[in-house]
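Take a look at the structure set out below.
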Amino acid sequence: MAVGKKRSKPVKLYDQEKIKLINQDTQKYWKKYQQHMSIKELSEKTIYNYNSDLSQWFIFILDNQFNQSVVDLEEDDILEFITFAKEQGNNTERIKRRLSTISAFYKFLKRKKILKGDSPTEYIDRPKKGLPVVEQVFLSQKQVDDIRIALNAYGDLQLEVYFELSLSTMARVNAIAHLRWEQIDLENRQCNDVLEKEQRYVTLYFSEKVKRLLIKLRKQREENNIEDYGWVWRTPYTNEENCVTNGTLGQWSRKIGDMIGVPCHCHTWRKSGSNLLKKMGMPLEDIATLLNHLDPSTTKKHYIDNQNTQVAALKDQFKI
């Protein structure tokens, strides 16, 4: 009997009620795109597949990325969705199709002058069979120390605070991007009422070092009359309504990684923090709590470098 290709595991995100909650601008662009596909006389199956991919992507944005409009997304936002799909079991061909669908949608938006800048998919390489979509980086303690030395020499206090706070809290990029000073409790070293995945509000916990750096950053801005509009992060584009973008934090992450020659992205700090805590002996269940994972198996599968070197060392003691 001939053996067919192994089918990709489906990602089950579709929810008729959530479809109604998708960002209104995104829904408007989606409707225009559906009209475009109809005029092009694409087959019913092709249109169905495109809409299926897009609806799952839009619901992911609703649940995990503050229901932003698609025109406000950055490269790292797309990579977060693609990585999620890969982790859920999508094979290489399925991932390539998802990227093609998203890319085609952005090309349409650009042609219609709805998208002003470059497509966030433009610089995302299509995966090759057997290779991960995004290289998973778990920084060693030495690499973390090397980054700290490099950041100290570089002299950008905000960049240093971003790295230390992200590593210490292990928060997702959206939570980090939207932090306001009013949420930060320096005395108890925590960030309160932080909007996280699936519209949940959580508490983030940070170290004494981060506390000192936050105080230093706030003092620096006060002494230099720097307006940050209440946001922890400041760029020339932040204002009363708009915080730093995920894409900017992605650029900061790559800049930090380049300092030690390691490819880093926003999720690197989350994965590295959890992995280092596990190596230092923190129980998996406690790490899962800090990561705001509802299921510790997610922590074990995706946030720990499962090379089992420690287990192998322990086994050697028993001479079997």
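Naming works like this for the structure tokens: A, B, ... for the chains as they're shown, residue 1 at the start of each chain, ligands 1 onward in shown order.
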Quick one: residues within 8 Å of region 241-245 of chain A, only C-alpha atoms counted, chain neighbours fewer than 3 positions away excluded, as a short mmCIF file (atom, residue, chain, number, x, y, z; two decimals) with C-alpha atoms, in the first residue's frame?
data_model
loop_
_atom_site.label_atom_id
_atom_site.label_comp_id
_atom_site.auth_asym_id
_atom_site.auth_seq_id
_atom_site.Cartn_x
_atom_site.Cartn_y
_atom_site.Cartn_z
CA GLU A 74 4.93 44.23 12.57
CA ALA A 177 5.00 47.20 24.99
CA HIS A 178 1.87 48.48 26.78
CA TRP A 231 4.46 54.91 29.01
CA TRP A 233 9.06 53.08 26.80
CA ARG A 234 9.59 56.23 24.79
CA THR A 235 10.32 56.75 21.09
CA TYR A 237 6.49 58.18 17.79
CA THR A 238 4.93 57.57 21.20
CA THR A 248 10.23 48.46 17.53
CA LEU A 249 10.76 46.09 20.46
#
Nearby residues (only C-alpha atoms) at most 12 Å from Arg221 (chain A), same-chain spacing under 4 positions excluded, as a tab-separated table (two decimals) with N, CA, C and O atoms, in the first residue's frame:
chain	number	residue	atom	x	y	z
A	157	LEU	N	20.30	53.55	28.51
A	157	LEU	CA	19.61	53.08	29.72
A	157	LEU	C	18.27	52.44	29.40
A	157	LEU	O	17.92	51.40	29.97
A	158	GLN	N	17.49	53.04	28.51
A	158	GLN	CA	16.18	52.47	28.17
A	158	GLN	C	16.33	51.07	27.58
A	158	GLN	O	15.56	50.16	27.92
A	214	LEU	N	14.65	50.89	36.88
A	214	LEU	CA	13.42	51.65	36.62
A	214	LEU	C	13.46	53.01	37.34
A	214	LEU	O	13.06	54.03	36.76
A	215	ILE	N	13.92	53.01	38.57
A	215	ILE	CA	14.05	54.27	39.32
A	215	ILE	C	15.03	55.20	38.61
A	215	ILE	O	14.78	56.40	38.47
A	216	LYS	N	16.12	54.64	38.14
A	216	LYS	CA	17.14	55.42	37.43
A	216	LYS	C	16.57	56.00	36.13
A	216	LYS	O	16.82	57.17	35.79
A	217	LEU	N	15.80	55.20	35.39
A	217	LEU	CA	15.23	55.64	34.13
A	217	LEU	C	14.22	56.77	34.36
A	217	LEU	O	14.23	57.79	33.64
A	225	ASN	N	13.52	66.61	31.62
A	225	ASN	CA	12.20	67.04	31.13
A	225	ASN	C	11.76	66.27	29.89
A	225	ASN	O	11.28	66.84	28.90
A	226	ILE	N	11.94	64.96	29.93
A	226	ILE	CA	11.56	64.10	28.81
A	226	ILE	C	10.13	63.62	29.01
A	226	ILE	O	9.83	62.96	30.01
A	227	GLU	N	9.25	63.94	28.09
A	227	GLU	CA	7.85	63.53	28.16
A	227	GLU	C	7.69	62.12	27.61
A	227	GLU	O	8.06	61.84	26.48
A	228	ASP	N	7.16	61.21	28.45
A	228	ASP	CA	6.92	59.84	27.98
A	228	ASP	C	5.44	59.49	27.96
A	228	ASP	O	5.08	58.35	27.68
A	229	TYR	N	4.59	60.47	28.31
A	229	TYR	CA	3.13	60.30	28.26
A	229	TYR	C	2.64	59.15	29.15
A	229	TYR	O	1.58	58.58	28.90
A	230	GLY	N	3.42	58.82	30.16
A	230	GLY	CA	3.01	57.77	31.08
A	230	GLY	C	3.44	56.37	30.68
A	230	GLY	O	3.28	55.42	31.45
A	231	TRP	N	3.98	56.22	29.46
A	231	TRP	CA	4.46	54.91	29.01
A	231	TRP	C	5.86	54.66	29.55
A	231	TRP	O	6.66	55.59	29.70
A	232	VAL	N	6.18	53.41	29.83
A	232	VAL	CA	7.53	53.08	30.30
A	232	VAL	C	8.55	53.28	29.18
A	232	VAL	O	9.66	53.75	29.41
A	233	TRP	N	8.14	52.97	27.94
A	233	TRP	CA	9.06	53.08	26.80
A	233	TRP	C	8.73	54.33	25.99
A	233	TRP	O	7.56	54.63	25.73
A	234	ARG	N	9.77	55.00	25.56
A	234	ARG	CA	9.59	56.23	24.79
A	234	ARG	C	10.35	56.17	23.48
A	234	ARG	O	11.52	55.75	23.44
* Proximity to Gln35 (chain A) - best of A:Tyr162, A:Phe138, A:Phe81, A:Phe108, only C-alpha atoms ->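 Residue with the minimum atom-to-atom distance to Gln35 (chain A): A:Phe108.
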* To do: Would you list the contacts of Ala104 (chain A) as a list in words, taking every protein, DNA or RNA residue within 12 Å and counting only C-alpha atoms, but skipping same-chain residues closer than 2 positions in sequence?
  =>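 In the requested format, the answer is Trp30, Tyr33, His36, Met37, Tyr50, Asn51, Asp53, Leu54, Arg97, Arg98, Leu99, Ser100, Thr101, Ile102, Tyr106, Lys107, Phe108, Leu109, Lys110, Arg111, Ser119, Pro120, Thr121 and Glu122 of chain A.
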Keeping only N, CA, C and O atoms, write those residues as a short mmCIF file (atom, residue, chain, number, x, y, z; two decimals), in the first residue's frame.
data_model
loop_
_atom_site.label_atom_id
_atom_site.label_comp_id
_atom_site.auth_asym_id
_atom_site.auth_seq_id
_atom_site.Cartn_x
_atom_site.Cartn_y
_atom_site.Cartn_z
N TRP A 30 -10.96 42.94 5.15
CA TRP A 30 -11.23 41.54 4.81
C TRP A 30 -12.40 41.46 3.81
O TRP A 30 -12.34 40.71 2.83
N TYR A 33 -11.24 42.42 0.49
CA TYR A 33 -10.41 41.37 -0.09
C TYR A 33 -11.26 40.22 -0.63
O TYR A 33 -10.96 39.64 -1.68
N HIS A 36 -12.46 41.26 -3.89
CA HIS A 36 -11.35 41.17 -4.83
C HIS A 36 -11.17 39.73 -5.33
O HIS A 36 -11.01 39.49 -6.53
N MET A 37 -11.24 38.76 -4.40
CA MET A 37 -11.07 37.36 -4.79
C MET A 37 -12.21 36.91 -5.68
O MET A 37 -12.01 36.13 -6.63
N TYR A 50 -8.38 30.45 1.76
CA TYR A 50 -7.86 31.77 2.11
C TYR A 50 -8.61 32.34 3.31
O TYR A 50 -8.01 32.85 4.26
N ASN A 51 -9.92 32.25 3.27
CA ASN A 51 -10.73 32.79 4.36
C ASN A 51 -10.52 32.02 5.66
O ASN A 51 -10.55 32.60 6.74
N ASP A 53 -7.69 30.49 6.58
CA ASP A 53 -6.40 30.92 7.11
C ASP A 53 -6.50 32.32 7.73
O ASP A 53 -5.98 32.57 8.82
N LEU A 54 -7.17 33.22 7.04
CA LEU A 54 -7.28 34.60 7.52
C LEU A 54 -8.10 34.68 8.81
O LEU A 54 -7.72 35.39 9.75
N ARG A 97 1.82 27.76 3.36
CA ARG A 97 0.54 28.22 2.83
C ARG A 97 0.00 29.37 3.67
O ARG A 97 -0.56 30.34 3.13
N ARG A 98 0.14 29.27 4.97
CA ARG A 98 -0.32 30.37 5.83
C ARG A 98 0.42 31.67 5.49
O ARG A 98 -0.19 32.73 5.39
N LEU A 99 1.73 31.56 5.34
CA LEU A 99 2.52 32.75 5.01
C LEU A 99 2.12 33.31 3.65
O LEU A 99 2.06 34.53 3.46
N SER A 100 1.85 32.42 2.70
CA SER A 100 1.43 32.87 1.36
C SER A 100 0.09 33.60 1.43
O SER A 100 -0.12 34.62 0.76
N THR A 101 -0.83 33.08 2.24
CA THR A 101 -2.14 33.71 2.40
C THR A 101 -2.00 35.11 2.99
O THR A 101 -2.59 36.08 2.49
N ILE A 102 -1.23 35.21 4.07
CA ILE A 102 -1.04 36.50 4.74
C ILE A 102 -0.32 37.48 3.81
O ILE A 102 -0.68 38.66 3.72
N TYR A 106 -1.64 41.15 2.33
CA TYR A 106 -0.90 42.42 2.47
C TYR A 106 -0.59 43.04 1.10
O TYR A 106 -0.59 44.28 0.96
N LYS A 107 -0.32 42.22 0.09
CA LYS A 107 -0.09 42.76 -1.25
C LYS A 107 -1.33 43.48 -1.76
O LYS A 107 -1.24 44.54 -2.40
N PHE A 108 -2.50 42.90 -1.47
CA PHE A 108 -3.76 43.54 -1.85
C PHE A 108 -3.91 44.88 -1.14
O PHE A 108 -4.26 45.90 -1.76
N LEU A 109 -3.62 44.90 0.18
CA LEU A 109 -3.75 46.14 0.95
C LEU A 109 -2.80 47.22 0.43
O LEU A 109 -3.13 48.41 0.42
N LYS A 110 -1.61 46.79 0.01
CA LYS A 110 -0.64 47.74 -0.51
C LYS A 110 -1.09 48.31 -1.86
O LYS A 110 -0.95 49.51 -2.13
N ARG A 111 -1.61 47.44 -2.72
CA ARG A 111 -2.10 47.89 -4.04
C ARG A 111 -3.24 48.90 -3.89
O ARG A 111 -3.37 49.82 -4.69
N SER A 119 5.14 45.49 3.63
CA SER A 119 4.42 44.37 4.24
C SER A 119 5.29 43.75 5.33
O SER A 119 6.48 43.54 5.13
N PRO A 120 4.71 43.45 6.49
CA PRO A 120 5.50 42.82 7.56
C PRO A 120 5.96 41.40 7.21
O PRO A 120 6.78 40.83 7.92
N THR A 121 5.43 40.85 6.11
CA THR A 121 5.88 39.51 5.70
C THR A 121 7.07 39.57 4.75
O THR A 121 7.64 38.54 4.41
N GLU A 122 7.44 40.78 4.34
CA GLU A 122 8.44 40.93 3.29
C GLU A 122 9.78 40.30 3.64
O GLU A 122 10.49 39.77 2.78
#
* **Distance query Thr298 (chain A) at most 10 Å, only C-alpha atoms, self and fewer than 6 positions along chain excluded, as a list in words** =>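 My reading of the contact set: Glu87, Ala288 and Ile304 of chain A.
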May I have the residues from that selection written out with N, CA and C atoms, as a PDB file, in the first residue's frame?
ATOM      1  N   GLU A  87       4.078  25.251  16.515  1.00  0.00           N
ATOM      2  CA  GLU A  87       4.079  24.541  17.801  1.00  0.00           C
ATOM      3  C   GLU A  87       2.828  23.696  17.981  1.00  0.00           C
ATOM      4  N   ALA A 288       5.668  27.950  35.357  1.00  0.00           N
ATOM      5  CA  ALA A 288       4.439  28.077  34.577  1.00  0.00           C
ATOM      6  C   ALA A 288       3.563  29.208  35.112  1.00  0.00           C
ATOM      7  N   ILE A 304      11.361  25.237  27.940  1.00  0.00           N
ATOM      8  CA  ILE A 304      12.511  24.625  28.585  1.00  0.00           C
ATOM      9  C   ILE A 304      13.344  23.957  27.514  1.00  0.00           C
TER      10      ILE A 304
END
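Residue nearest Lys271 (chain A), chosen from A:Glu240, A:Met170, A:Lys219, A:Gly257 and counting only C-alpha atoms: A:Met170.
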* If we count only C-alpha atoms, what is near Val173 (chain A) at a cut-off of 8 Å, once residues fewer than 2 positions away on the same chain are taken out, given as a VMD selection string? -> chain A and resid 171 175 to 177 246 249 266 to 267
Residues from last step as file, C-alpha atoms, as a JSON list (two decimals), in the first residue's frame:
[["chain", "number", "residue", "atom", "x", "y", "z"],
["A", 171, "ALA", "CA", 6.30, 38.66, 29.79],
["A", 175, "ALA", "CA", 2.43, 43.14, 27.68],
["A", 176, "ILE", "CA", 5.88, 44.72, 27.75],
["A", 177, "ALA", "CA", 5.00, 47.20, 24.99],
["A", 246, "ASN", "CA", 5.99, 45.34, 18.88],
["A", 249, "LEU", "CA", 10.76, 46.09, 20.46],
["A", 266, "CYS", "CA", 11.30, 39.41, 21.71],
["A", 267, "HIS", "CA", 10.40, 35.85, 22.71]]
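Proximity to Trp269 (chain A) was assessed for A:Ser168, A:Asn224, A:Thr289, A:Gln16 counting only C-alpha atoms; the smallest distance is recorded for A:Ser168.
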* In Å to one decimal, how far is CA of Glu17 (chain A) from CA of Thr46 (chain A)? ->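 CA of Glu17 (chain A) lies at a distance of 23.9 Å from CA of Thr46 (chain A).
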* **Test item: residues at most 7 Å from Asp76 (chain A), only C-alpha atoms, excluding those fewer than 2 positions along its chain, as a PyMOL selection string** => chain A and resi 74+78-80+246-247+250
Dump of N, CA, C and O atoms for the selected residues, as a CSV table (one decimal), in the first residue's frame:
chain,number,residue,atom,x,y,z
A,74,GLU,N,3.5,44.2,13.0
A,74,GLU,CA,4.9,44.2,12.6
A,74,GLU,C,5.4,42.8,12.3
A,74,GLU,O,4.6,41.8,12.6
A,78,ILE,N,3.7,38.7,13.1
A,78,ILE,CA,3.4,37.7,12.2
A,78,ILE,C,4.2,36.4,12.6
A,78,ILE,O,3.6,35.3,12.6
A,79,LEU,N,5.4,36.6,13.0
A,79,LEU,CA,6.2,35.5,13.4
A,79,LEU,C,5.7,34.8,14.7
A,79,LEU,O,5.7,33.6,14.8
A,80,GLU,N,5.1,35.6,15.5
A,80,GLU,CA,4.4,35.0,16.7
A,80,GLU,C,3.3,34.0,16.3
A,80,GLU,O,3.2,32.9,16.9
A,246,ASN,N,5.3,46.6,18.8
A,246,ASN,CA,6.0,45.3,18.9
A,246,ASN,C,7.2,45.3,17.9
A,246,ASN,O,8.2,44.7,18.2
A,247,GLY,N,7.0,45.9,16.7
A,247,GLY,CA,8.1,45.9,15.8
A,247,GLY,C,9.3,46.6,16.3
A,247,GLY,O,10.4,46.2,16.0
A,250,GLY,N,11.0,44.5,18.7
A,250,GLY,CA,11.7,43.4,17.9
A,250,GLY,C,13.1,43.9,17.4
A,250,GLY,O,14.1,43.2,17.5
* Asked: In terms of the shortest atom-to-atom distance over only C-alpha atoms, which of A:Phe58, A:Ile124, A:Tyr303, A:Arg218 is closest to Ile95 (chain A)?
  ->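 So, comparing all the options, the nearest one is A:Ile124.
Looking only at region 158-194 of chain A, the set that DSSP places in strand (DSSP E) from backbone geometry is Ile184, Asp185, Gln190, Cys191, Asn192, Asp193 and Val194 of chain A.
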* Separation of CA of Leu291 (chain A) from CA of Phe206 (chain A), in Å and rounded to one decimal ->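 Computing it gives 12.4 Å between the two atoms.
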* When DSSP works through the backbone of this structure, what residues of region 153-303 of chain A end up as alpha helix (DSSP H), shown as an MDAnalysis selection string? -> chainID A and resid 153:154 157:169 173:177 208:223 246:260 266:279 284:290 296:302
* Enter the distance from CA of Asp146 (chain A) to CA of Val161 (chain A), in Å, rounded to one decimal. => 15.5 Å
* Asked: With only C-alpha atoms as the basis for distance, which of A:Arg180, A:Pro263, A:Leu195, A:Ala150 is at the shortest distance from Gln65 (chain A)?
  -> A:Leu195
* Asked: For Lys96 (chain A), which residue among A:Gln27, A:Ser297, A:Thr83, A:Thr203 is the nearest when counting only C-alpha atoms?
  ->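 Comparing A:Gln27, A:Ser297, A:Thr83, A:Thr203 against Lys96 (chain A), the winner is A:Thr83.
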